[in-house]
file data.txt (compact mmCIF, C-alpha atoms)
# COMPACT_ATOMS: atom_id res chain seq x y z
CA MET A 1 -14.61 46.49 -15.30
CA HIS A 2 -10.91 46.27 -16.16
CA ARG A 3 -10.72 42.63 -15.09
CA ARG A 4 -13.73 41.80 -17.25
CA LEU A 5 -12.17 43.63 -20.20
CA LEU A 6 -8.93 41.67 -19.77
CA ALA A 7 -10.85 38.39 -19.56
CA THR A 8 -12.70 39.32 -22.73
CA VAL A 9 -9.46 40.15 -24.54
CA ALA A 10 -8.09 36.72 -23.61
CA THR A 11 -11.28 35.06 -24.80
CA VAL A 12 -11.20 36.90 -28.13
CA ALA A 13 -7.62 35.74 -28.68
CA ALA A 14 -8.60 32.15 -27.88
CA ILE A 15 -11.58 32.33 -30.24
CA ALA A 16 -9.41 33.64 -33.07
CA VAL A 17 -7.17 30.62 -32.71
CA ALA A 18 -10.07 28.18 -32.34
CA VAL A 19 -12.12 29.50 -35.26
CA GLY A 20 -9.09 29.46 -37.50
CA GLY A 21 -8.39 25.83 -36.70
CA CYS A 22 -11.88 24.31 -36.66
CA GLY A 23 -12.16 20.96 -38.41
CA ASP A 24 -9.52 19.15 -40.34
CA GLY A 25 -11.12 19.88 -43.69
CA SER A 26 -11.73 16.25 -44.51
CA GLY A 27 -15.51 16.68 -44.64
CA ALA A 28 -17.50 19.00 -46.82
CA ASN A 29 -18.26 21.20 -43.82
CA GLY A 30 -14.89 20.83 -42.11
CA SER A 31 -16.06 17.92 -40.00
CA SER A 32 -13.83 14.96 -39.52
CA GLY A 33 -16.50 12.33 -40.12
CA PRO A 34 -18.99 11.55 -42.82
CA THR A 35 -21.93 13.92 -43.00
CA GLY A 36 -24.40 11.67 -44.76
CA PRO A 37 -26.42 8.89 -43.24
CA PRO A 38 -24.34 6.06 -41.77
CA THR A 39 -23.97 2.83 -43.66
CA ALA A 40 -26.02 -0.13 -42.52
CA SER A 41 -22.98 -1.63 -40.77
CA ALA A 42 -22.32 1.60 -38.88
CA ALA A 43 -25.91 2.29 -37.95
CA THR A 44 -27.38 1.23 -34.68
CA THR A 45 -31.10 1.56 -34.55
CA ALA A 46 -33.18 2.45 -31.54
CA SER A 47 -36.14 0.74 -33.18
CA PRO A 48 -36.79 -0.86 -36.55
CA ARG A 49 -38.10 2.51 -37.82
CA ALA A 50 -35.40 4.79 -36.37
CA VAL A 51 -32.12 5.04 -38.26
CA ASP A 52 -29.15 6.35 -36.28
CA ASN A 53 -28.59 9.91 -37.46
CA THR A 54 -25.65 10.67 -35.16
CA ASN A 55 -23.25 11.61 -37.96
CA GLN A 56 -25.68 14.11 -39.48
CA VAL A 57 -26.75 15.60 -36.13
CA CYS A 58 -23.11 15.93 -35.05
CA ALA A 59 -22.21 17.63 -38.34
CA ASP A 60 -25.15 20.01 -37.90
CA ALA A 61 -24.12 20.68 -34.28
CA LYS A 62 -20.56 21.41 -35.37
CA ASP A 63 -21.79 23.89 -37.97
CA LEU A 64 -24.10 25.51 -35.43
CA ARG A 65 -21.30 25.75 -32.88
CA ALA A 66 -18.97 27.35 -35.45
CA GLU A 67 -21.66 29.86 -36.42
CA TYR A 68 -22.26 30.76 -32.75
CA LYS A 69 -18.54 31.12 -32.08
CA GLU A 70 -18.11 33.42 -35.08
CA LYS A 71 -20.96 35.69 -33.99
CA ALA A 72 -19.79 35.68 -30.37
CA ALA A 73 -16.25 36.51 -31.45
CA ASP A 74 -17.57 39.49 -33.39
CA ILE A 75 -19.45 40.77 -30.33
CA LEU A 76 -16.46 40.25 -28.05
CA THR A 77 -14.08 41.95 -30.48
CA ARG A 78 -16.38 44.94 -30.84
CA ALA A 79 -16.77 45.15 -27.05
CA VAL A 80 -13.03 45.08 -26.45
CA THR A 81 -12.40 47.69 -29.15
CA ALA A 82 -15.07 50.02 -27.79
CA GLY A 83 -14.19 49.30 -24.17
CA THR A 84 -10.68 50.66 -24.47
CA THR A 85 -12.12 54.16 -24.77
CA ASP A 86 -15.69 53.89 -23.43
CA PRO A 87 -16.59 51.42 -20.65
CA LEU A 88 -20.30 52.06 -21.15
CA GLN A 89 -20.02 50.98 -24.78
CA PHE A 90 -18.25 47.83 -23.61
CA ASP A 91 -21.16 46.99 -21.29
CA ARG A 92 -23.76 47.71 -23.97
CA ILE A 93 -22.02 45.60 -26.61
CA ILE A 94 -21.17 42.71 -24.28
CA GLY A 95 -24.87 42.63 -23.37
CA GLU A 96 -25.53 41.42 -26.94
CA MET A 97 -24.16 38.03 -25.87
CA VAL A 98 -27.30 37.27 -23.86
CA PRO A 99 -29.81 37.31 -26.75
CA LEU A 100 -27.27 35.57 -28.98
CA ALA A 101 -26.87 32.77 -26.44
CA LYS A 102 -30.66 32.46 -26.01
CA ASP A 103 -31.09 32.16 -29.78
CA TYR A 104 -28.49 29.40 -30.02
CA LYS A 105 -29.94 27.70 -26.93
CA ALA A 106 -33.19 27.32 -28.87
CA ARG A 107 -31.33 26.10 -31.95
CA PHE A 108 -29.39 23.44 -30.02
CA GLU A 109 -32.60 22.33 -28.28
CA ALA A 110 -34.34 21.97 -31.64
CA LEU A 111 -31.41 19.97 -32.99
CA ALA A 112 -31.52 17.76 -29.88
CA THR A 113 -35.08 16.73 -30.69
CA THR A 114 -33.92 15.32 -34.03
CA ALA A 115 -31.16 13.12 -32.58
CA THR A 116 -31.97 9.42 -32.45
CA ALA A 117 -29.02 8.62 -30.17
CA GLN A 118 -29.87 9.43 -26.55
CA ARG A 119 -26.26 10.34 -25.70
CA VAL A 120 -26.18 12.98 -28.45
CA ARG A 121 -29.63 14.26 -27.49
CA THR A 122 -28.45 14.61 -23.88
CA ALA A 123 -25.22 16.37 -24.91
CA LEU A 124 -27.12 18.89 -27.06
CA THR A 125 -29.62 19.51 -24.27
CA THR A 126 -26.75 20.07 -21.84
CA MET A 127 -25.13 22.52 -24.25
CA ALA A 128 -28.44 24.39 -24.58
CA ALA A 129 -28.82 24.57 -20.80
CA LYS A 130 -25.33 26.05 -20.46
CA LEU A 131 -26.16 28.70 -23.05
CA ASP A 132 -29.27 29.53 -21.06
CA GLY A 133 -27.00 30.60 -18.19
CA VAL A 134 -25.17 33.29 -20.17
CA THR A 135 -25.31 36.75 -18.63
CA ALA A 136 -23.51 40.01 -19.37
CA GLU A 137 -21.25 39.26 -16.41
CA ASN A 138 -20.07 35.87 -17.71
CA ALA A 139 -20.30 36.70 -21.41
CA SER A 140 -16.58 36.36 -21.99
CA ASP A 141 -16.86 32.72 -20.91
CA ALA A 142 -19.96 32.09 -23.04
CA VAL A 143 -18.10 30.69 -26.02
CA ALA A 144 -16.39 28.09 -23.88
CA VAL A 145 -19.73 26.52 -22.98
CA THR A 146 -20.06 25.16 -26.51
CA GLU A 147 -16.64 23.52 -26.32
CA GLY A 148 -16.18 19.99 -25.03
CA VAL A 149 -19.84 19.09 -24.56
CA LEU A 150 -20.06 16.97 -27.70
CA THR A 151 -16.40 15.97 -27.97
CA ARG A 152 -16.94 12.46 -26.63
CA ASP A 153 -20.32 11.87 -28.23
CA CYS A 154 -19.44 13.17 -31.69
CA GLY A 155 -15.72 12.38 -31.71
CA TRP A 156 -14.62 15.98 -32.08
CA GLY A 157 -10.98 16.59 -31.38

call {"tool": "encode", "arguments": {"input": "data.txt", "output": "structure tokens"}}
result
Amino acid sequence: MHRRLLATVATVAAIAVAVGGCGDGSGANGSSGPTGPPTASAATTASPRAVDNTNQVCADAKDLRAEYKEKAADILTRAVTAGTTDPLQFDRIIGEMVPLAKDYKARFEALATTATAQRVRTALTTMAAKLDGVTAENASDAVAVTEGVLTRDCGWG
């Protein structure tokens, strides 16, 4: 229990730093790239009817990831605060990570179905699968699963 509490404390500290520094503020939603449809020169089409929507899907994924991280940070902070005096409260609160992760798994899967670029669709599906593996035992690592998955495919830094 104490080791899990310490791991959670470290994760909460990392989240506080990460949430505070998300995006460079150059986009309307803090994303570093354009959020509207790509220009004709930037678009690569899978078929004559399908316009590449990578920029929009990546912006939506970034917003979804930030929303998940904020909610997860709240749960982890509450668990750590309660866990210092009541280990049973820690376990109950940290258990909230499982339904949160399942909810965001479904959201990332739904977003994946809208992506025209296969590499982005695959990355979102991978992220959703990782969220599906969240348990109360690995909850303090749950936020990390949303990091890095789309970095290459969406150009996140």

call {"tool": "residues_around", "arguments": {"input": "data.txt", "residues": "Glu109 (chain A)", "least_positions_apart": "6", "cutoff": "7 Å", "atoms": "all atoms listed in the file", "output": "list in words"}}
result
Leu124, Thr125 and Ala128 of chain A

call {"tool": "closest_residue", "arguments": {"input": "data.txt", "among": "A:Cys154, A:Val120, A:Leu88, A:Ala72", "to": "Val134 (chain A)", "atoms": "all atoms listed in the file"}}
result
A:Ala72

call {"tool": "atom_distance", "arguments": {"input": "data.txt", "atom1": "CA of Thr135 (chain A)", "atom2": "CA of Ile75 (chain A)"}}
result
13.7 Å

call {"tool": "atom_distance", "arguments": {"input": "data.txt", "atom1": "CA of Lys130 (chain A)", "atom2": "CA of Ala101 (chain A)"}}
result
9.1 Å

call {"tool": "atom_distance", "arguments": {"input": "data.txt", "atom1": "CA of Pro99 (chain A)", "atom2": "CA of Asn55 (chain A)"}}
result
28.8 Å

call {"tool": "closest_residue", "arguments": {"input": "data.txt", "among": "A:Leu111, A:Leu131, A:Gln89, A:Gly95", "to": "Ala144 (chain A)", "atoms": "only C-alpha atoms"}}
result
A:Leu131

call {"tool": "closest_residue", "arguments": {"input": "data.txt", "among": "A:Arg107, A:Met97, A:Leu150, A:Thr114", "to": "Glu70 (chain A)", "atoms": "only C-alpha atoms"}}
result
A:Met97

call {"tool": "axis_aligned_box", "arguments": {"input": "data.txt", "around": "region 87-98 of chain A", "padding_each_side": "6 Å", "output": "AutoDock Vina command-line options"}}
result
--center_x -21.9 --center_y 44.7 --center_z -23.8 --size_x 22.7 --size_y 26.8 --size_z 18.3
